[in-house]
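K.L.:
coords.cif is the file, holding mmCIF, C-alpha atoms:
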```cif
data_upload
loop_
_atom_site.label_atom_id
_atom_site.label_comp_id
_atom_site.auth_asym_id
_atom_site.auth_seq_id
_atom_site.Cartn_x
_atom_site.Cartn_y
_atom_site.Cartn_z
CA MET R 1 107.36 -24.07 -33.15
CA ARG R 2 103.77 -24.37 -31.95
CA LYS R 3 101.02 -23.24 -34.29
CA SER R 4 99.66 -20.62 -31.90
CA THR R 5 103.16 -19.12 -31.48
CA LEU R 6 103.65 -19.20 -35.23
CA LYS R 7 100.39 -17.30 -35.79
CA LYS R 8 101.43 -14.61 -33.28
CA SER R 9 104.88 -14.34 -34.84
CA LEU R 10 103.33 -13.96 -38.28
CA ILE R 11 101.43 -10.86 -37.18
CA ARG R 12 104.66 -9.32 -35.91
CA ALA R 13 106.57 -10.23 -39.07
CA PHE R 14 104.46 -7.93 -41.24
CA PRO R 15 104.97 -4.18 -41.09
CA ASP R 16 102.31 -1.62 -40.28
CA PRO R 17 102.13 1.62 -42.25
CA GLU R 18 103.61 4.78 -40.81
CA PRO R 19 100.87 6.03 -38.45
CA ALA R 20 101.38 9.69 -39.44
CA ALA R 21 101.16 8.93 -43.17
CA ARG R 22 98.09 6.77 -42.63
CA ARG R 23 96.32 9.41 -40.55
CA ALA R 24 97.13 12.13 -43.06
CA PHE R 25 95.84 10.00 -45.92
CA VAL R 26 92.62 8.95 -44.15
CA ARG R 27 91.91 12.59 -43.26
CA SER R 28 92.37 13.62 -46.87
CA LEU R 29 89.71 11.19 -48.05
CA PRO R 30 86.45 12.81 -49.12
CA PRO R 31 83.39 11.93 -47.02
CA ALA R 32 82.02 8.61 -48.20
CA PRO R 33 78.81 8.86 -50.22
CA ALA R 34 75.96 7.30 -48.25
CA SER R 35 73.26 5.25 -49.94
CA HIS R 36 69.66 6.43 -49.52
CA ILE R 37 68.83 3.56 -47.18
CA ARG R 38 71.97 4.07 -45.09
CA PHE R 39 71.29 7.80 -44.92
CA LEU R 40 67.66 7.21 -43.88
CA LEU R 41 68.71 4.72 -41.20
CA GLY R 42 71.44 7.09 -40.02
CA GLN R 43 68.98 9.95 -39.69
CA ALA R 44 66.43 7.69 -37.98
CA GLY R 45 69.09 7.23 -35.29
CA TYR R 46 69.07 11.00 -34.62
CA ILE R 47 65.33 11.09 -33.99
CA ARG R 48 64.78 11.55 -30.28
CA LYS R 49 64.10 8.39 -28.33
CA SER R 50 61.19 10.18 -26.67
CA ALA R 51 59.59 10.68 -30.11
CA TRP R 52 59.86 6.95 -30.86
CA ALA R 53 58.60 6.12 -27.37
CA ALA R 54 55.62 8.48 -27.74
CA SER R 55 54.75 6.93 -31.13
CA LEU R 56 54.99 3.42 -29.74
CA ALA R 57 52.91 4.39 -26.71
CA VAL R 58 50.15 5.76 -28.97
CA PHE R 59 50.07 2.59 -31.06
CA ALA R 60 50.29 0.34 -28.00
CA LEU R 61 47.32 2.21 -26.50
CA ALA R 62 45.35 1.82 -29.75
CA LEU R 63 46.22 -1.88 -29.79
CA ALA R 64 45.24 -2.31 -26.15
CA LEU R 65 41.94 -0.51 -26.77
CA GLY R 66 41.17 -2.86 -29.64
CA ARG R 67 41.95 -5.89 -27.48
CA LEU R 68 40.61 -4.89 -24.08
CA ALA R 69 37.61 -2.79 -25.11
CA PRO R 70 36.42 -4.02 -28.50
CA GLN R 71 33.12 -2.21 -27.94
CA ALA R 72 35.04 1.08 -28.14
CA GLY R 73 35.48 0.36 -31.83
CA VAL R 74 37.84 1.77 -34.38
CA TRP R 75 36.89 5.39 -33.66
CA ALA R 76 38.83 5.32 -30.41
CA ALA R 77 41.98 4.16 -32.19
CA ALA R 78 41.36 6.73 -34.95
CA ALA R 79 41.23 9.46 -32.30
CA LEU R 80 44.70 8.43 -31.12
CA THR R 81 46.54 8.42 -34.46
CA PRO R 82 46.78 12.27 -34.66
CA PHE R 83 49.13 12.19 -31.68
CA ALA R 84 51.46 9.85 -33.56
CA ALA R 85 51.38 12.23 -36.53
CA MET R 86 52.17 15.10 -34.17
CA THR R 87 55.40 13.39 -33.03
CA ALA R 88 56.52 13.06 -36.67
CA VAL R 89 55.65 16.64 -37.56
CA THR R 90 57.33 18.19 -34.51
CA GLU R 91 60.44 16.13 -35.22
CA GLY R 92 60.71 18.04 -38.49
CA ALA R 93 60.73 21.33 -36.56
CA ARG R 94 63.59 20.46 -34.22
CA SER R 95 66.22 22.45 -36.11
CA ALA R 96 64.07 25.58 -35.97
CA LEU R 97 63.12 24.97 -32.36
CA TYR R 98 66.73 24.92 -31.19
CA GLY R 99 67.95 27.58 -33.61
CA MET R 100 70.17 25.12 -35.47
CA GLN R 101 68.92 25.74 -39.02
CA GLU R 102 71.92 27.81 -40.07
CA LEU R 103 74.35 25.18 -38.81
CA GLU R 104 72.43 22.34 -40.43
CA LEU R 105 72.33 24.16 -43.75
CA ALA R 106 76.13 24.21 -43.72
CA ALA R 107 76.59 20.62 -42.52
CA ARG R 108 77.60 17.65 -44.64
CA PHE R 109 73.97 16.66 -45.16
CA GLY R 110 71.88 19.77 -45.81
CA LEU R 111 68.84 20.69 -43.79
CA LYS R 112 66.60 19.72 -46.70
CA SER R 113 67.88 16.13 -46.83
CA VAL R 114 67.84 15.82 -43.05
CA ALA R 115 64.27 17.15 -42.72
CA MET R 116 63.11 14.90 -45.57
CA ALA R 117 64.79 11.86 -44.06
CA ARG R 118 63.52 12.41 -40.52
CA LEU R 119 59.94 13.17 -41.52
CA GLY R 120 60.10 10.25 -43.96
CA ALA R 121 61.59 7.82 -41.43
CA MET R 122 58.97 8.55 -38.79
CA GLY R 123 56.14 8.61 -41.34
CA LEU R 124 57.28 5.25 -42.71
CA ALA R 125 57.49 3.73 -39.23
CA HIS R 126 53.99 5.02 -38.44
CA LEU R 127 52.59 3.61 -41.67
CA ILE R 128 54.05 0.20 -40.78
CA LEU R 129 52.45 0.39 -37.33
CA LEU R 130 49.14 1.47 -38.89
CA ALA R 131 49.38 -1.48 -41.29
CA ILE R 132 49.81 -3.76 -38.27
CA LEU R 133 46.81 -2.19 -36.53
CA ALA R 134 44.46 -2.20 -39.55
CA PRO R 135 43.77 -5.96 -39.73
CA LEU R 136 42.98 -6.02 -36.00
CA GLY R 137 39.97 -3.68 -36.32
CA SER R 138 36.46 -5.07 -36.19
CA ALA R 139 35.44 -3.05 -39.28
CA GLY R 140 37.57 -5.00 -41.74
CA LEU R 141 40.99 -4.28 -43.19
CA VAL R 142 40.14 -1.56 -45.71
CA ARG R 143 37.65 0.35 -43.58
CA THR R 144 39.86 0.26 -40.49
CA GLY R 145 42.84 1.35 -42.59
CA VAL R 146 40.89 4.32 -43.98
CA TYR R 147 39.55 5.30 -40.53
CA LEU R 148 43.05 5.24 -39.03
CA LEU R 149 44.89 6.88 -41.89
CA THR R 150 42.52 9.80 -42.46
CA PRO R 151 42.99 11.57 -39.09
CA TYR R 152 46.71 10.74 -39.24
CA LEU R 153 47.14 12.44 -42.61
CA LEU R 154 44.91 15.39 -41.66
CA THR R 155 47.07 16.02 -38.59
CA ALA R 156 50.25 15.71 -40.63
CA LEU R 157 48.84 18.13 -43.23
CA LEU R 158 47.68 20.80 -40.77
CA GLY R 159 50.71 20.32 -38.52
CA MET R 160 53.17 20.83 -41.39
CA ALA R 161 51.18 23.86 -42.58
CA ALA R 162 51.45 25.32 -39.07
CA LEU R 163 55.18 24.59 -38.91
CA ARG R 164 55.71 26.35 -42.22
CA ARG R 165 54.03 29.51 -40.99
CA LEU R 166 55.12 29.68 -37.37
CA ARG R 167 58.52 29.55 -35.69
CA GLY R 168 60.05 27.99 -32.61
CA ARG R 169 57.91 26.86 -29.70
CA GLU R 170 54.77 28.42 -31.18
CA ALA R 171 54.99 25.99 -34.07
CA VAL R 172 55.20 23.00 -31.72
CA TYR R 173 52.23 24.25 -29.68
CA ALA R 174 50.28 24.77 -32.89
CA ALA R 175 51.08 21.20 -34.02
CA ALA R 176 49.92 19.89 -30.64
CA ALA R 177 46.72 21.95 -30.89
CA VAL R 178 46.10 20.53 -34.37
CA ALA R 179 46.51 16.99 -33.02
CA VAL R 180 44.03 17.66 -30.22
CA LEU R 181 41.61 19.28 -32.68
CA VAL R 182 41.72 16.37 -35.12
CA ALA R 183 41.49 13.79 -32.33
CA GLY R 184 38.50 15.65 -30.87
CA SER R 185 36.88 15.82 -34.30
CA ALA R 186 37.40 12.07 -34.74
CA LEU R 187 35.52 11.52 -31.47
CA LEU R 188 32.78 14.03 -32.31
CA LEU R 189 32.25 12.39 -35.70
CA HIS R 190 31.40 9.21 -33.85
CA VAL R 191 29.24 10.76 -31.15
CA GLY R 192 27.44 13.38 -33.24
CA LEU R 193 27.22 11.94 -36.75
CA ASP R 194 27.87 8.22 -36.28
CA ALA R 195 30.40 8.68 -39.10
CA TYR R 196 31.99 5.26 -38.51
CA ALA R 197 28.77 3.42 -39.42
CA PRO R 198 29.13 1.21 -42.54
CA ALA R 199 26.45 3.26 -44.35
CA ARG R 200 28.50 6.43 -44.05
CA PHE R 201 31.78 4.89 -45.16
CA ARG R 202 31.39 6.26 -48.71
CA TRP R 203 32.37 9.73 -47.46
CA TRP R 204 35.69 8.58 -46.06
CA PRO R 205 37.73 7.55 -49.16
CA PRO R 206 37.38 10.94 -50.91
CA VAL R 207 38.45 12.70 -47.70
CA LEU R 208 41.40 10.30 -47.34
CA LEU R 209 42.49 10.83 -50.96
CA LEU R 210 42.21 14.59 -50.60
CA ALA R 211 44.16 14.50 -47.31
CA ALA R 212 46.84 12.28 -48.88
CA GLY R 213 47.24 14.58 -51.87
CA LEU R 214 47.38 17.73 -49.77
CA THR R 215 49.79 16.10 -47.27
CA GLY R 216 52.13 15.20 -50.12
CA ARG R 217 51.92 18.79 -51.39
CA GLU R 218 52.53 20.20 -47.91
CA TYR R 219 55.48 17.85 -47.36
CA TRP R 220 57.02 19.08 -50.58
CA LYS R 221 56.40 22.72 -49.66
CA THR R 222 57.97 22.17 -46.22
CA ILE R 223 61.05 20.66 -47.83
CA LYS R 224 61.25 23.41 -50.46
CA ARG R 225 61.09 26.01 -47.71
CA THR R 226 64.29 24.68 -46.19
CA GLU R 227 66.02 25.46 -49.51
CA GLU R 228 64.84 29.05 -49.38
CA LEU R 229 66.29 29.65 -45.93
CA SER R 230 69.43 31.68 -46.26
CA TRP R 231 71.73 33.65 -44.10
CA ASN R 232 74.23 36.37 -45.11
CA MET I 1 84.85 -1.45 -40.00
CA ASP I 2 87.14 1.45 -39.21
CA ILE I 3 88.73 2.83 -42.36
CA GLU I 4 92.15 3.01 -40.66
CA GLN I 5 91.97 -0.71 -39.86
CA ALA I 6 91.07 -1.41 -43.48
CA TYR I 7 93.99 0.76 -44.57
CA ASP I 8 96.42 -1.25 -42.40
CA LYS I 9 95.16 -4.51 -43.89
CA ILE I 10 95.42 -3.31 -47.46
CA TYR I 11 98.87 -1.86 -46.78
CA ARG I 12 100.11 -5.20 -45.41
CA TYR I 13 98.57 -6.98 -48.39
CA CYS I 14 100.35 -4.63 -50.81
CA TRP I 15 103.61 -4.90 -48.89
CA GLN I 16 103.39 -8.69 -49.08
CA ARG I 17 103.09 -8.44 -52.86
CA LEU I 18 105.57 -5.63 -53.51
CA ARG I 19 108.00 -5.85 -50.57
CA ASP I 20 108.54 -2.12 -50.66
CA ARG I 21 107.15 0.27 -48.08
CA HIS I 22 106.76 3.23 -50.42
CA LEU I 23 105.26 1.23 -53.26
CA ALA I 24 102.94 -0.50 -50.79
CA GLU I 25 101.81 2.84 -49.41
CA ASP I 26 101.20 4.21 -52.91
CA ALA I 27 99.28 1.08 -53.88
CA ALA I 28 97.18 1.15 -50.69
CA GLN I 29 96.30 4.82 -51.19
CA GLU I 30 95.48 4.28 -54.86
CA THR I 31 93.31 1.33 -53.83
CA PHE I 32 91.25 3.51 -51.49
CA ALA I 33 91.01 6.33 -54.02
CA ARG I 34 89.67 3.96 -56.69
CA THR I 35 87.30 2.23 -54.29
CA LEU I 36 85.82 5.51 -53.08
CA ALA I 37 85.54 6.76 -56.64
CA ALA I 38 83.53 3.63 -57.43
CA GLY I 39 80.97 4.63 -54.80
CA ALA I 40 81.94 2.33 -51.95
CA ASP I 41 82.88 3.78 -48.57
CA GLY I 42 85.64 1.30 -47.74
CA GLY I 43 84.07 0.31 -44.46
CA GLY I 44 81.67 -2.53 -45.22
CA LYS I 45 82.41 -6.22 -45.56
CA ARG I 46 81.65 -6.17 -49.28
CA ASP I 47 83.83 -3.08 -49.64
CA LEU I 48 86.75 -4.85 -47.98
CA ARG I 49 86.59 -7.63 -50.56
CA TYR I 50 86.47 -4.96 -53.25
CA LEU I 51 89.50 -3.24 -51.70
CA TYR I 52 91.47 -6.49 -51.77
CA ALA I 53 90.53 -7.05 -55.41
CA VAL I 54 91.62 -3.52 -56.42
CA ALA I 55 94.84 -3.90 -54.39
CA ARG I 56 95.60 -7.21 -56.08
CA ASN I 57 95.17 -5.68 -59.55
CA LEU I 58 97.27 -2.65 -58.67
CA CYS I 59 100.05 -4.80 -57.24
CA THR I 60 100.00 -7.01 -60.33
CA ASP I 61 100.29 -3.91 -62.54
CA GLU I 62 103.11 -2.61 -60.39
CA TYR I 63 104.87 -5.95 -60.52
CA ARG I 64 104.66 -6.04 -64.31
CA ARG I 65 105.96 -2.50 -64.71
CA PRO I 66 109.62 -2.44 -65.81
CA LYS I 67 111.85 -1.37 -62.94
CA PRO I 68 114.53 1.24 -63.59
CA GLN I 69 116.95 -0.54 -61.30
CA SER I 70 116.76 -3.56 -59.11
CA LEU I 71 116.71 -2.83 -55.40
CA PRO I 72 116.90 -5.24 -52.53
CA PRO I 73 113.54 -5.94 -50.91
CA ASP I 74 112.51 -3.18 -48.53
CA LEU I 75 112.25 -5.08 -45.28
CA PRO I 76 111.53 -3.01 -42.21
CA ALA I 77 113.43 -3.81 -39.03
CA PRO I 78 111.63 -6.73 -37.41
CA GLU I 79 110.12 -6.04 -34.05
CA GLY I 80 108.68 -8.09 -31.24
CA ARG I 81 109.81 -10.36 -28.48
CA ASP I 82 110.55 -13.21 -30.92
CA GLY I 83 113.65 -11.26 -31.89
CA PRO I 84 114.87 -10.24 -35.33
CA LEU I 85 116.13 -13.67 -36.27
CA THR I 86 112.78 -15.37 -35.94
CA ALA I 87 111.04 -12.61 -37.90
CA LEU I 88 113.69 -12.78 -40.61
CA ALA I 89 113.49 -16.54 -40.71
CA LEU I 90 109.72 -16.30 -40.88
CA ARG I 91 109.88 -14.04 -43.89
CA GLN I 92 112.32 -16.37 -45.63
CA ALA I 93 110.05 -19.28 -44.82
CA LEU I 94 107.08 -17.32 -46.19
CA ASP I 95 108.96 -16.93 -49.47
CA SER I 96 109.03 -20.70 -49.78
CA LEU I 97 105.22 -20.70 -50.07
CA SER I 98 103.43 -20.14 -53.35
CA ALA I 99 101.98 -16.66 -54.01
CA GLU I 100 98.46 -17.89 -53.27
CA GLU I 101 99.53 -19.57 -50.05
CA GLN I 102 101.28 -16.38 -48.96
CA GLU I 103 98.11 -14.40 -49.60
CA LEU I 104 96.01 -16.94 -47.72
CA VAL I 105 98.32 -16.85 -44.72
CA LEU I 106 98.40 -13.06 -44.73
CA MET I 107 94.65 -12.64 -45.02
CA ARG I 108 93.73 -15.36 -42.52
CA TYR I 109 96.39 -15.06 -39.82
CA VAL I 110 97.83 -11.55 -40.15
CA ASN I 111 94.81 -9.52 -41.27
CA GLN I 112 92.52 -11.99 -39.50
CA GLU I 113 89.84 -11.87 -42.16
CA PRO I 114 86.84 -14.16 -41.79
CA VAL I 115 86.89 -17.35 -43.83
CA SER I 116 83.76 -16.26 -45.72
CA LEU I 117 85.50 -13.14 -47.04
CA ILE I 118 88.61 -15.10 -48.09
CA ALA I 119 86.46 -17.74 -49.75
CA SER I 120 84.58 -15.17 -51.82
CA PHE I 121 87.79 -13.29 -52.66
CA PHE I 122 89.56 -16.39 -53.97
CA GLY I 123 86.38 -17.93 -55.39
CA MET I 124 86.74 -21.15 -53.41
CA SER I 125 84.66 -22.95 -50.83
CA ARG I 126 85.02 -22.34 -47.10
CA PHE I 127 86.25 -25.88 -46.70
CA ALA I 128 88.95 -25.29 -49.30
CA VAL I 129 90.04 -22.15 -47.44
CA TYR I 130 90.30 -24.07 -44.16
CA ARG I 131 92.24 -26.87 -45.84
CA ARG I 132 94.64 -24.64 -47.76
CA THR I 133 95.39 -22.26 -44.90
CA ALA I 134 96.08 -25.19 -42.58
CA ALA I 135 98.34 -26.76 -45.21
CA ALA I 136 100.16 -23.46 -45.80
CA LEU I 137 100.70 -22.99 -42.08
CA GLU I 138 102.05 -26.52 -41.77
CA LYS I 139 104.37 -25.91 -44.73
CA LEU I 140 105.56 -22.71 -43.10
CA ARG I 141 106.22 -24.49 -39.81
CA ARG I 142 108.24 -27.19 -41.55
CA ALA I 143 110.23 -24.59 -43.51
CA LEU I 144 111.05 -22.84 -40.26
CA GLU I 145 112.17 -26.07 -38.63
CA GLU I 146 114.39 -26.86 -41.62
CA GLU I 147 115.96 -23.42 -41.43
CA SER I 148 116.62 -23.68 -37.72
#
```
Please rewrite the model in this file as structure tokens.

P.N.:
Amino acid sequence: MRKSTLKKSLIRAFPDPEPAARRAFVRSLPPAPASHIRFLLGQAGYIRKSAWAASLAVFALALALGRLAPQAGVWAAAALTPFAAMTAVTEGARSALYGMQELELAARFGLKSVAMARLGAMGLAHLILLAILAPLGSAGLVRTGVYLLTPYLLTALLGMAALRRLRGREAVYAAAAVAVLVAGSALLLHVGLDAYAPARFRWWPPVLLLAAGLTGREYWKTIKRTEELSWN
Amino acid sequence: MDIEQAYDKIYRYCWQRLRDRHLAEDAAQETFARTLAAGADGGGKRDLRYLYAVARNLCTDEYRRPKPQSLPPDLPAPEGRDGPLTALALRQALDSLSAEEQELVLMRYVNQEPVSLIASFFGMSRFAVYRRTAAALEKLRRALEEES
């Protein structure tokens, strides 16, 4: 007997389980517990491709500005980061936007975990992209990082606050308005106050720290709010 | 990996050790229950190795348990175009292999597990797995020729 024939015959010589019994058993198994990383990656897969594309486009534009028009400086890139924050914040409002909160509260992974994971996944991806952009700025790693992160966090803070207070499409429009407002302010700070000058840098870290603290608090409040939602 | 595919593999492994459909099914189900209780989901590559390890322990326990009465091995009706005689002869030839060789043949050629998984399961090198599976297959072929 040839070896290839023997291998094929071996497969046929062993029995398979009864399909009905196997199906019944597999169905009776409890849902497998997912690790935090697997859960985060799984939820990242549910984030709209358009949201990822918009984020990438914003960072690509900031990168191109830094390369093609270095005279524009870091302020131009800083004025773009609020739009990346907007994509993350509006992603957190998708359930409310499509009226799916009730269903998501009853799903295998609760709305709280899903909202946390999606906001976290996009925020993490943006931070990685910001970390890639920071060394490319002409103002040095730390200063560029602070200039880029401050408007990003301010947008995230105000956007999440708006989402917590408003519902549906209004919330998304409010988040977009916040992004435009912060981006405009980032531009005005350069034009009106020359806030990106090295001499004025000392004002930035306290604002960044305050924005980071308040964003963390707002994130927590947003997540807590999903627990309070109840029907019936 | 699909959990149903993993179930089939573990069932065949248990059947190979116990030669009883019902006992094999019980052992396979107990294997999954214990693996899931340990926090694995039964689908990953590492989980599959864990499943095999649990199945091996369960089958060993079952084998050691005193039997109330001795029954003939529960062999399902052989299927396939090779015909029942070849399948029956194949099983008899398989019995001429050592327990480890039988497991190697089952995991490599029936369950079609990658060599890396088998190597880590048996705690041997990939080369040793290649060598031993090839030797077991050759032994099986010779046993078949002798029988025919």

K.L.:
How would you write, as JSON, numbers by chain, the residues chosen by the PyMOL selection byres ((chain R) within 12 of (chain I)) on this structure?

P.N.:
{"R": [1, 2, 3, 4, 5, 6, 7, 8, 9, 10, 11, 12, 13, 14, 15, 16, 17, 18, 19, 20, 21, 22, 23, 24, 25, 26, 27, 28, 29, 30, 31, 32, 33, 34, 35, 38]}

K.L.:
I'd like to know which of I:Ala99, I:Leu104, I:Ala143, I:Arg64 is closest to Arg131 in chain I, using all atoms listed in the file.

P.N.:
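The shortest atom-to-atom distance to Arg131 in chain I comes from I:Leu104.
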
K.L.:
Between CA of Ala121 in chain R and CA of Gly45 in chain R, measure the distance and give it in Å to one decimal.

P.N.:
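That distance, rounded to one decimal, is 9.7 Å.
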
K.L.:
On this structure, which residues satisfy the PyMOL selection byres ((chain R and resi 172-174) around 10), written as number ranges by chain?

P.N.:
R: 86-87, 89-91, 93-94, 97, 158-163, 166-171, 175-180

K.L.:
To one decimal place, how far is CA of Leu18 in chain I from CA of Asp47 in chain I in Å?

P.N.:
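The value is 22.2 Å.
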
K.L.:
Quick check, in Å to one decimal: how far apart do CA of Tyr63 in chain I and CA of Tyr130 in chain I lie?

P.N.:
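Those two atoms sit 28.4 Å apart.
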
K.L.:
Got a sec to resolve the PyMOL selection byres ((chain R and resi 55) around 12) on this structure and send the residues as a count of residues only?

P.N.:
35

K.L.:
Could you give me, as a ChimeraX atom specification, the residues within 12 Å of Val115 in chain I, counting all atoms listed in the file and dropping anything in the same chain fewer than 5 positions from it?

P.N.:
/I:49,104-105,107-109,120-133

K.L.:
Leaving out Leu63 in chain R and any residue of its chain fewer than 3 positions from it, which residues lie within 10 Å of it when counting all atoms listed in the file, given as a list in words?

P.N.:
Ala57, Val58, Phe59, Ala60, Gly66, Arg67, Leu68, Ala69, Ala77, Ile132, Leu133, Ala134, Leu136 and Gly137 of chain R

K.L.:
Show me, as a list in words, the residues that have an atom within 7 Å of range 181-194 of chain R when counting all atoms listed in the file, minus same-chain residues fewer than 5 positions from it.

P.N.:
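Contacts, in chain order: Trp75, Ala78, Ala79, Leu80, Pro82, Pro151 and Thr155 of chain R.
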
K.L.:
So which one's closest to Asp61 in chain I, I:Ala6, I:Ala135, I:Ala93, I:Leu23? Using only C-alpha atoms, please.

P.N.:
I:Leu23

K.L.:
Rank R:Leu111, R:Met116, R:Leu214, R:Val74 by their smallest atom-to-atom distance to Thr144 in chain R, using all atoms listed in the file, and report the top residue only.

P.N.:
R:Val74
